[in-house]
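For reference, data08.cif is printed below; it contains mmCIF, C-alpha atoms.
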```
data_model
loop_
_atom_site.label_atom_id
_atom_site.label_comp_id
_atom_site.auth_asym_id
_atom_site.auth_seq_id
_atom_site.Cartn_x
_atom_site.Cartn_y
_atom_site.Cartn_z
CA MET C 1 -20.40 -92.65 -184.56
CA THR C 2 -24.01 -93.63 -184.94
CA LEU C 3 -25.62 -96.44 -186.86
CA GLY C 4 -26.61 -95.26 -190.28
CA ILE C 5 -27.76 -97.08 -193.38
CA GLY C 6 -26.85 -100.73 -193.32
CA ASN C 7 -27.83 -104.21 -194.39
CA ALA C 8 -28.92 -105.76 -191.10
CA PRO C 9 -32.35 -106.16 -189.57
CA ASP C 10 -33.19 -104.84 -186.13
CA ALA C 11 -31.64 -107.03 -183.45
CA GLN C 12 -30.94 -106.97 -179.76
CA PRO C 13 -27.39 -105.65 -179.29
CA ARG C 14 -24.81 -108.07 -177.94
CA ARG C 15 -22.76 -107.09 -174.90
CA ALA C 16 -18.97 -106.91 -175.05
CA LEU C 17 -16.78 -106.40 -171.96
CA VAL C 18 -13.32 -104.92 -172.60
CA LEU C 19 -10.47 -105.13 -170.07
CA HIS C 20 -8.11 -102.39 -171.16
CA ASP C 21 -6.71 -99.29 -169.48
CA ARG C 22 -6.10 -97.04 -172.51
CA PRO C 23 -9.23 -95.03 -173.38
CA PRO C 24 -8.33 -94.38 -177.07
CA VAL C 25 -8.04 -98.13 -177.70
CA VAL C 26 -11.26 -98.88 -175.80
CA GLU C 27 -13.17 -96.28 -177.82
CA LEU C 28 -11.69 -97.58 -181.08
CA ILE C 29 -12.95 -101.08 -180.13
CA GLU C 30 -16.36 -99.68 -179.23
CA ARG C 31 -16.84 -97.84 -182.51
CA THR C 32 -15.63 -100.81 -184.54
CA LEU C 33 -17.95 -103.28 -182.81
CA ASN C 34 -20.81 -100.87 -183.48
CA HIS C 35 -20.88 -102.53 -186.93
CA GLY C 36 -21.70 -105.85 -185.27
CA LEU C 37 -24.37 -104.34 -183.05
CA PHE C 38 -22.34 -104.76 -179.87
CA VAL C 39 -22.73 -102.56 -176.81
CA VAL C 40 -19.31 -102.13 -175.19
CA LYS C 41 -18.40 -101.50 -171.56
CA ALA C 42 -14.83 -101.13 -170.31
CA ALA C 43 -13.31 -102.38 -167.08
CA HIS C 44 -10.03 -100.93 -165.86
CA ASN C 45 -9.30 -103.65 -163.32
CA LEU C 46 -10.43 -107.06 -162.06
CA PRO C 47 -13.02 -105.86 -159.49
CA GLU C 48 -14.79 -103.80 -162.15
CA ALA C 49 -14.68 -106.72 -164.58
CA ASP C 50 -16.05 -109.16 -161.98
CA VAL C 51 -19.03 -106.88 -161.32
CA MET C 52 -19.80 -106.71 -165.03
CA LEU C 53 -19.45 -110.47 -165.45
CA ALA C 54 -21.95 -111.06 -162.66
CA ARG C 55 -24.47 -108.30 -163.33
CA TRP C 56 -24.15 -107.47 -167.02
CA ARG C 57 -23.36 -110.99 -168.30
CA PRO C 58 -21.49 -110.09 -171.51
CA HIS C 59 -21.64 -112.17 -174.68
CA LEU C 60 -17.97 -111.45 -175.50
CA VAL C 61 -14.92 -110.50 -173.45
CA VAL C 62 -11.99 -108.66 -175.03
CA VAL C 63 -8.84 -108.85 -172.91
CA ASP C 64 -5.56 -106.95 -173.09
CA MET C 65 -3.16 -109.82 -172.41
CA ASP C 66 -0.57 -107.40 -171.01
CA HIS C 67 -3.00 -106.13 -168.38
CA ASP C 68 -2.04 -107.11 -164.83
CA ASP C 69 -5.48 -108.69 -164.28
CA SER C 70 -5.79 -110.54 -167.59
CA THR C 71 -4.93 -114.00 -166.22
CA ALA C 72 -7.26 -113.64 -163.24
CA LEU C 73 -10.12 -112.41 -165.42
CA LEU C 74 -9.79 -115.36 -167.79
CA HIS C 75 -9.84 -117.71 -164.80
CA HIS C 76 -12.98 -116.03 -163.41
CA LEU C 77 -14.61 -116.18 -166.85
CA ASP C 78 -13.92 -119.91 -167.07
CA THR C 79 -15.44 -120.40 -163.62
CA ALA C 80 -18.49 -118.36 -164.55
CA ASN C 81 -18.97 -120.37 -167.75
CA THR C 82 -18.83 -123.60 -165.73
CA LEU C 83 -21.26 -122.42 -163.06
CA THR C 84 -23.81 -121.07 -165.54
CA ARG C 85 -23.27 -123.86 -168.08
CA SER C 86 -22.85 -121.18 -170.72
CA PHE C 87 -20.09 -120.10 -173.04
CA THR C 88 -18.81 -116.54 -173.16
CA PRO C 89 -15.85 -116.41 -175.57
CA ALA C 90 -12.72 -114.37 -174.93
CA LEU C 91 -10.67 -112.49 -177.52
CA GLY C 92 -7.12 -111.68 -176.42
CA LEU C 93 -5.21 -108.61 -177.61
CA THR C 94 -1.41 -108.63 -177.59
CA PRO C 95 1.29 -106.42 -179.10
CA ARG C 96 3.41 -109.53 -179.71
CA GLY C 97 2.44 -111.86 -182.52
CA ASP C 98 4.98 -114.64 -181.98
CA LEU C 99 3.90 -118.25 -181.62
CA ALA C 100 4.94 -118.58 -177.97
CA THR C 101 2.78 -115.60 -176.98
CA ARG C 102 -0.22 -116.97 -178.88
CA LEU C 103 0.11 -120.44 -177.39
CA ARG C 104 0.42 -118.97 -173.90
CA ALA C 105 -2.76 -116.94 -174.46
CA PHE C 106 -4.68 -120.04 -175.56
CA GLU C 107 -3.42 -121.92 -172.50
CA LEU C 108 -4.79 -119.12 -170.32
CA GLY C 109 -8.22 -119.52 -171.87
CA VAL C 110 -8.71 -117.14 -174.80
CA ASP C 111 -10.65 -118.45 -177.77
CA ASP C 112 -8.89 -116.25 -180.30
CA ILE C 113 -5.94 -113.88 -180.30
CA LEU C 114 -5.44 -110.65 -182.25
CA ALA C 115 -2.16 -108.79 -182.59
CA MET C 116 -2.10 -105.08 -181.78
CA PRO C 117 -2.30 -102.62 -183.30
CA PHE C 118 -5.34 -104.13 -184.98
CA MET C 119 -7.29 -103.06 -188.02
CA PRO C 120 -11.01 -102.40 -187.45
CA ASP C 121 -12.22 -104.86 -190.09
CA GLU C 122 -10.19 -107.72 -188.60
CA LEU C 123 -11.39 -107.03 -185.05
CA LEU C 124 -14.99 -106.98 -186.27
CA ALA C 125 -14.62 -110.22 -188.21
CA ARG C 126 -13.13 -112.09 -185.25
CA ALA C 127 -15.77 -110.77 -182.83
CA LEU C 128 -18.57 -111.90 -185.13
CA VAL C 129 -17.04 -115.36 -185.60
CA LEU C 130 -16.66 -115.84 -181.84
CA SER C 131 -20.23 -114.68 -181.28
CA ARG C 132 -21.49 -117.15 -183.88
CA ARG C 133 -19.55 -119.99 -182.26
CA ALA C 134 -20.98 -119.13 -178.87
CA THR C 135 -24.62 -118.83 -179.90
CA GLY C 136 -24.85 -120.89 -183.07
CA ALA C 137 -26.60 -117.96 -184.73
CA GLU C 138 -25.46 -115.47 -187.32
CA ARG C 139 -24.97 -111.99 -185.93
CA PRO C 140 -26.23 -108.97 -187.89
CA LEU C 141 -23.59 -106.90 -189.64
CA VAL C 142 -24.07 -103.23 -190.41
CA THR C 143 -21.44 -102.68 -193.07
CA VAL C 144 -22.07 -98.94 -193.36
CA VAL C 145 -22.22 -96.46 -190.49
CA LYS C 146 -22.46 -92.69 -190.55
CA VAL C 147 -19.79 -90.48 -189.02
CA GLY C 148 -21.40 -87.08 -189.27
CA GLU C 149 -21.65 -86.41 -193.00
CA VAL C 150 -19.39 -89.34 -193.92
CA GLU C 151 -20.69 -92.84 -194.63
CA VAL C 152 -18.04 -95.45 -193.79
CA ASP C 153 -18.19 -98.88 -195.40
CA ILE C 154 -15.99 -101.14 -193.29
CA ALA C 155 -16.26 -104.14 -195.60
CA ASN C 156 -14.94 -102.32 -198.66
CA ARG C 157 -12.91 -99.67 -196.79
CA GLU C 158 -14.79 -96.93 -198.59
CA ILE C 159 -16.05 -93.53 -197.53
CA ARG C 160 -18.94 -91.72 -199.18
CA ILE C 161 -19.57 -88.01 -198.92
CA GLY C 162 -22.58 -87.11 -201.00
CA ARG C 163 -22.00 -88.78 -204.36
CA SER C 164 -18.24 -89.05 -203.92
CA VAL C 165 -16.82 -92.51 -203.10
CA THR C 166 -13.18 -92.99 -202.06
CA THR C 167 -11.22 -96.06 -200.97
CA LEU C 168 -9.12 -95.86 -197.79
CA SER C 169 -5.95 -97.71 -196.92
CA ARG C 170 -6.14 -99.83 -193.76
CA ILE C 171 -4.14 -97.24 -191.82
CA GLU C 172 -6.35 -94.40 -193.07
CA GLN C 173 -9.45 -96.36 -192.03
CA THR C 174 -8.02 -96.98 -188.54
CA LEU C 175 -7.09 -93.31 -188.23
CA LEU C 176 -10.63 -92.24 -189.17
CA TYR C 177 -12.19 -94.64 -186.64
CA LEU C 178 -9.79 -93.53 -183.91
CA LEU C 179 -10.43 -89.81 -184.43
CA ALA C 180 -14.19 -90.24 -184.90
CA SER C 181 -14.46 -92.36 -181.75
CA ARG C 182 -13.20 -89.33 -179.81
CA ALA C 183 -15.15 -86.72 -181.76
CA GLY C 184 -14.73 -83.24 -180.33
CA ARG C 185 -11.74 -84.22 -178.22
CA VAL C 186 -8.05 -83.85 -178.96
CA VAL C 187 -6.14 -87.04 -179.80
CA ALA C 188 -2.43 -86.52 -179.17
CA ARG C 189 0.15 -87.69 -181.69
CA ASP C 190 1.54 -90.17 -179.15
CA GLU C 191 -1.94 -91.64 -178.65
CA ILE C 192 -2.36 -91.99 -182.41
CA LEU C 193 1.03 -93.69 -182.72
CA ASP C 194 0.19 -96.09 -179.90
CA ALA C 195 -3.25 -97.06 -181.23
CA VAL C 196 -2.44 -97.23 -184.94
CA TRP C 197 1.21 -98.28 -185.13
CA GLY C 198 1.81 -99.79 -181.67
CA PRO C 199 3.94 -98.74 -178.68
CA ASP C 200 7.11 -100.32 -180.07
CA PHE C 201 6.97 -98.55 -183.42
CA VAL C 202 10.02 -96.38 -184.09
CA ALA C 203 8.30 -93.43 -185.68
CA GLU C 204 9.50 -91.13 -188.37
CA SER C 205 9.18 -87.57 -187.22
CA ASN C 206 6.17 -86.81 -189.44
CA VAL C 207 4.50 -90.21 -189.91
CA VAL C 208 1.28 -89.16 -188.17
CA ASP C 209 1.09 -85.80 -189.97
CA ARG C 210 1.72 -87.49 -193.31
CA HIS C 211 -1.12 -89.99 -192.91
CA ILE C 212 -3.47 -87.32 -191.55
CA ARG C 213 -2.70 -85.25 -194.63
CA SER C 214 -3.49 -88.22 -196.88
CA LEU C 215 -6.77 -88.86 -195.06
CA ARG C 216 -7.72 -85.20 -195.38
CA VAL C 217 -7.17 -85.34 -199.15
CA LYS C 218 -9.56 -88.30 -199.42
CA LEU C 219 -12.10 -86.51 -197.25
CA ASN C 220 -11.69 -83.41 -199.45
CA ASP C 221 -10.98 -81.56 -196.22
CA ASP C 222 -9.28 -78.15 -196.28
CA HIS C 223 -6.88 -77.91 -193.34
CA HIS C 224 -7.28 -74.10 -193.34
CA ASP C 225 -11.04 -74.40 -192.83
CA PRO C 226 -11.62 -78.07 -191.91
CA ARG C 227 -14.99 -79.82 -191.94
CA PHE C 228 -13.74 -83.07 -190.42
CA ILE C 229 -10.19 -83.08 -189.01
CA GLY C 230 -8.80 -80.06 -187.24
CA THR C 231 -5.24 -79.47 -186.07
CA VAL C 232 -4.75 -78.35 -182.48
CA PRO C 233 -1.26 -76.81 -182.52
CA GLY C 234 1.17 -78.42 -180.11
CA ARG C 235 -1.40 -81.04 -179.03
CA GLY C 236 -2.67 -83.20 -181.87
CA TYR C 237 -5.83 -83.58 -183.92
CA ARG C 238 -9.56 -83.38 -183.33
CA PHE C 239 -12.42 -84.87 -185.32
CA ILE C 240 -14.95 -82.08 -185.73
CA PRO C 241 -18.55 -83.18 -185.23
CA THR C 242 -20.56 -82.20 -188.29
CA PHE C 243 -23.44 -80.05 -187.35
CA SER C 244 -26.00 -80.91 -190.04
CA ASN C 245 -26.79 -84.19 -188.26
CA ALA C 246 -27.70 -82.25 -185.11
CA GLY C 247 -30.50 -80.50 -186.94
CA TRP C 248 -28.78 -77.12 -187.16
CA SER C 249 -29.26 -75.05 -190.28
CA GLY C 250 -27.79 -71.86 -191.59
CA ASP C 251 -25.56 -70.36 -194.21
CA ALA C 252 -21.90 -71.10 -194.89
CA THR C 253 -20.72 -68.22 -192.71
CA ARG C 254 -22.40 -69.61 -189.61
CA ASP C 255 -21.14 -73.15 -190.36
CA ALA C 256 -17.59 -71.82 -190.64
CA LEU C 257 -17.97 -70.03 -187.30
CA ARG C 258 -19.11 -73.25 -185.63
CA ARG C 259 -16.17 -75.21 -187.00
CA LYS C 260 -13.72 -72.61 -185.70
CA GLN C 261 -15.38 -72.66 -182.28
CA ALA C 262 -15.11 -76.47 -182.18
CA LEU C 263 -11.39 -76.11 -182.83
CA GLY C 264 -11.09 -73.60 -180.00
CA ARG C 265 -9.57 -71.00 -182.30
CA MET C 266 -12.07 -68.24 -181.53
CA PRO C 267 -14.69 -67.41 -178.90
CA ALA C 268 -18.35 -67.94 -179.60
CA ARG C 269 -20.24 -65.06 -181.11
CA THR C 270 -23.38 -64.10 -179.31
CA GLY C 271 -26.08 -61.56 -179.83
CA THR C 272 -28.94 -61.11 -182.21
CA GLY C 273 -27.17 -60.53 -185.52
CA PRO C 274 -27.79 -62.72 -188.59
CA HIS C 275 -24.76 -64.89 -187.85
CA ALA C 276 -25.03 -65.04 -184.06
CA VAL C 277 -24.68 -68.60 -182.83
CA PRO C 278 -24.68 -70.31 -179.43
CA SER C 279 -21.33 -71.49 -178.10
CA ALA C 280 -20.17 -74.86 -179.45
CA GLY C 281 -17.93 -75.35 -176.42
CA THR C 282 -14.41 -76.67 -176.29
CA ALA C 283 -12.94 -80.12 -175.88
#
```

Starting from the file, lay out its structure as structure tokens.
Amino acid sequence: MTLGIGNAPDAQPRRALVLHDRPPVVELIERTLNHGLFVVKAAHNLPEADVMLARWRPHLVVVDMDHDDSTALLHHLDTANTLTRSFTPALGLTPRGDLATRLRAFELGVDDILAMPFMPDELLARALVLSRRATGAERPLVTVVKVGEVEVDIANREIRIGRSVTTLSRIEQTLLYLLASRAGRVVARDEILDAVWGPDFVAESNVVDRHIRSLRVKLNDDHHDPRFIGTVPGRGYRFIPTFSNAGWSGDATRDALRRKQALGRMPARTGTGPHAVPSAGTA
């Protein structure tokens, strides 16, 4: 996902450190914070996080409160804030939203707490508020980003494709961000369930497929010849990068060939014919 049209002036990106060990969640956070002009780096453990605290000096720390190193990282962050006489806020993520869990997180040093699974717009809002508290300055907000051919308006939960404007549900928006954050790679159904509904969700057998189908309808995406979301049988789903943004041109036949190659359903065609294309590769 790249920054597209928006309503914010140029600004130096803020740095956000994420302590989390599940790549789909980290990438969902990264793409969401793209709206707030944050650059995101992930640490999988305390040593990695300590190096980033010392050398990268993040403006925001996002911590999975169930991570084995969460308590130690918050302690190190507090020490670093004291030594540098600065304030780097911490946002805690937890799958439990009960009062005892929240109070415990605040005692450990977080400045705000967000229940997982989170919705992109809520994560963005909390990150921007914490950043404003820390710096005393308003942070730029890019409400609209481009995901290939799709313009996504996070504030209004709308997608625009050409002149068509459609409103997404919160789950559909989260699904789109999750798939787009891993563009070109397969996202398994279990990974989707974990990131969108949470690890404790008792799933109906087709809950993921049903919401994917709904999102496809709003994207006007044909599952037989998809432009955006492809099915990888027995594995999950893949967001198909749209090729017009890469500067490629050609007729509909060549575009269809590229989409099928991206899905891994057919080998690349080579040669010198009118529809010969270079290999798009596989995930």

Item to complete: Write out as a list in words which residues come within 7 Å of His20 (chain C) when counting all atoms listed in the file, dropping same-chain ones fewer than 5 positions away.
Response: Val26, Ala42, Ala43, His44, Val63, Asp64 and His67 of chain C

Can you write out the residues you just picked, keeping C-alpha atoms, as a JSON list (two decimals), keeping the file's coordinate frame?
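Once written, part21.json looks like this:
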```
[["chain", "number", "residue", "atom", "x", "y", "z"],
["C", 26, "VAL", "CA", -11.26, -98.88, -175.80],
["C", 42, "ALA", "CA", -14.83, -101.13, -170.31],
["C", 43, "ALA", "CA", -13.31, -102.38, -167.08],
["C", 44, "HIS", "CA", -10.03, -100.93, -165.86],
["C", 63, "VAL", "CA", -8.84, -108.85, -172.91],
["C", 64, "ASP", "CA", -5.56, -106.95, -173.09],
["C", 67, "HIS", "CA", -3.00, -106.13, -168.38]]
```

Worksheet entry | Residues selected by the PyMOL selection byres ((chain C and resi 223-230) around 7), written as a PyMOL selection string | chain C and resi 221-222+231-232+237-240+259+263

Discussion item. Need to verify the contact set: Met116 (chain C), 9 Å, only C-alpha atoms, exclusion of same-chain residues closer than 2 positions in sequence. Can you return it as a list of chain:residue names?
Written reply: C:Leu93, C:Thr94, C:Pro95, C:Arg96, C:Gly97, C:Leu114, C:Phe118, C:Met119, C:Ala195, C:Val196, C:Trp197, C:Gly198

Worksheet item: Which residue gives the smallest distance to Pro199 (chain C) among C:Pro117, C:Leu91, C:Val217, C:Arg22, with only C-alpha atoms counted?
Response: C:Pro117

Worksheet entry | Nearest to Thr71 (chain C) by atom-to-atom distance, counting all atoms listed in the file, from C:Asn45, C:Thr174, C:Ser181, C:Thr135 |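 Among the listed residues, C:Asn45 lies closest to Thr71 (chain C).
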
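CA of Ala127 (chain C) is found 18.0 Å from CA of Asn156 (chain C).
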
Worksheet item: Of the residues C:Leu219, C:Leu17, C:Ile192, C:Ala100, which is the one nearest to Leu179 (chain C), using all atoms listed in the file?
Response: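 For Leu179 (chain C), the nearest of the given residues is C:Ile192.
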
Worksheet entry | Spatial neighbours of Val18 (chain C), max dist 12 Å, only C-alpha atoms, sep filter under 5 positions, as a VMD selection string | chain C and resid 23 25 to 30 33 38 to 46 48 to 50 52 to 53 58 to 65 67 70 73 90 to 93

Just-selected residues, C-alpha atoms written as an mmCIF file, in the frame of the given file:
```cif
data_model
loop_
_atom_site.group_PDB
_atom_site.id
_atom_site.type_symbol
_atom_site.label_atom_id
_atom_site.label_comp_id
_atom_site.auth_asym_id
_atom_site.auth_seq_id
_atom_site.Cartn_x
_atom_site.Cartn_y
_atom_site.Cartn_z
ATOM 1 C CA PRO C 23 -9.230 -95.030 -173.380
ATOM 2 C CA VAL C 25 -8.040 -98.130 -177.700
ATOM 3 C CA VAL C 26 -11.260 -98.880 -175.800
ATOM 4 C CA GLU C 27 -13.170 -96.280 -177.820
ATOM 5 C CA LEU C 28 -11.690 -97.580 -181.080
ATOM 6 C CA ILE C 29 -12.950 -101.080 -180.130
ATOM 7 C CA GLU C 30 -16.360 -99.680 -179.230
ATOM 8 C CA LEU C 33 -17.950 -103.280 -182.810
ATOM 9 C CA PHE C 38 -22.340 -104.760 -179.870
ATOM 10 C CA VAL C 39 -22.730 -102.560 -176.810
ATOM 11 C CA VAL C 40 -19.310 -102.130 -175.190
ATOM 12 C CA LYS C 41 -18.400 -101.500 -171.560
ATOM 13 C CA ALA C 42 -14.830 -101.130 -170.310
ATOM 14 C CA ALA C 43 -13.310 -102.380 -167.080
ATOM 15 C CA HIS C 44 -10.030 -100.930 -165.860
ATOM 16 C CA ASN C 45 -9.300 -103.650 -163.320
ATOM 17 C CA LEU C 46 -10.430 -107.060 -162.060
ATOM 18 C CA GLU C 48 -14.790 -103.800 -162.150
ATOM 19 C CA ALA C 49 -14.680 -106.720 -164.580
ATOM 20 C CA ASP C 50 -16.050 -109.160 -161.980
ATOM 21 C CA MET C 52 -19.800 -106.710 -165.030
ATOM 22 C CA LEU C 53 -19.450 -110.470 -165.450
ATOM 23 C CA PRO C 58 -21.490 -110.090 -171.510
ATOM 24 C CA HIS C 59 -21.640 -112.170 -174.680
ATOM 25 C CA LEU C 60 -17.970 -111.450 -175.500
ATOM 26 C CA VAL C 61 -14.920 -110.500 -173.450
ATOM 27 C CA VAL C 62 -11.990 -108.660 -175.030
ATOM 28 C CA VAL C 63 -8.840 -108.850 -172.910
ATOM 29 C CA ASP C 64 -5.560 -106.950 -173.090
ATOM 30 C CA MET C 65 -3.160 -109.820 -172.410
ATOM 31 C CA HIS C 67 -3.000 -106.130 -168.380
ATOM 32 C CA SER C 70 -5.790 -110.540 -167.590
ATOM 33 C CA LEU C 73 -10.120 -112.410 -165.420
ATOM 34 C CA ALA C 90 -12.720 -114.370 -174.930
ATOM 35 C CA LEU C 91 -10.670 -112.490 -177.520
ATOM 36 C CA GLY C 92 -7.120 -111.680 -176.420
ATOM 37 C CA LEU C 93 -5.210 -108.610 -177.610
#
```

Axis-aligned box for all listed atoms of region 224-241 of chain C, 5 Å per side, centre and edges in Å to one decimal, as AutoDock Vina command-line options:
```
--center_x -8.7 --center_y -79.5 --center_z -186.2 --size_x 29.7 --size_y 20.8 --size_z 24.3
```

Worksheet entry | Proximity to Tyr177 (chain C) - best of C:Ala54, C:Val202, C:Val145, C:Ile161, only C-alpha atoms | C:Val145
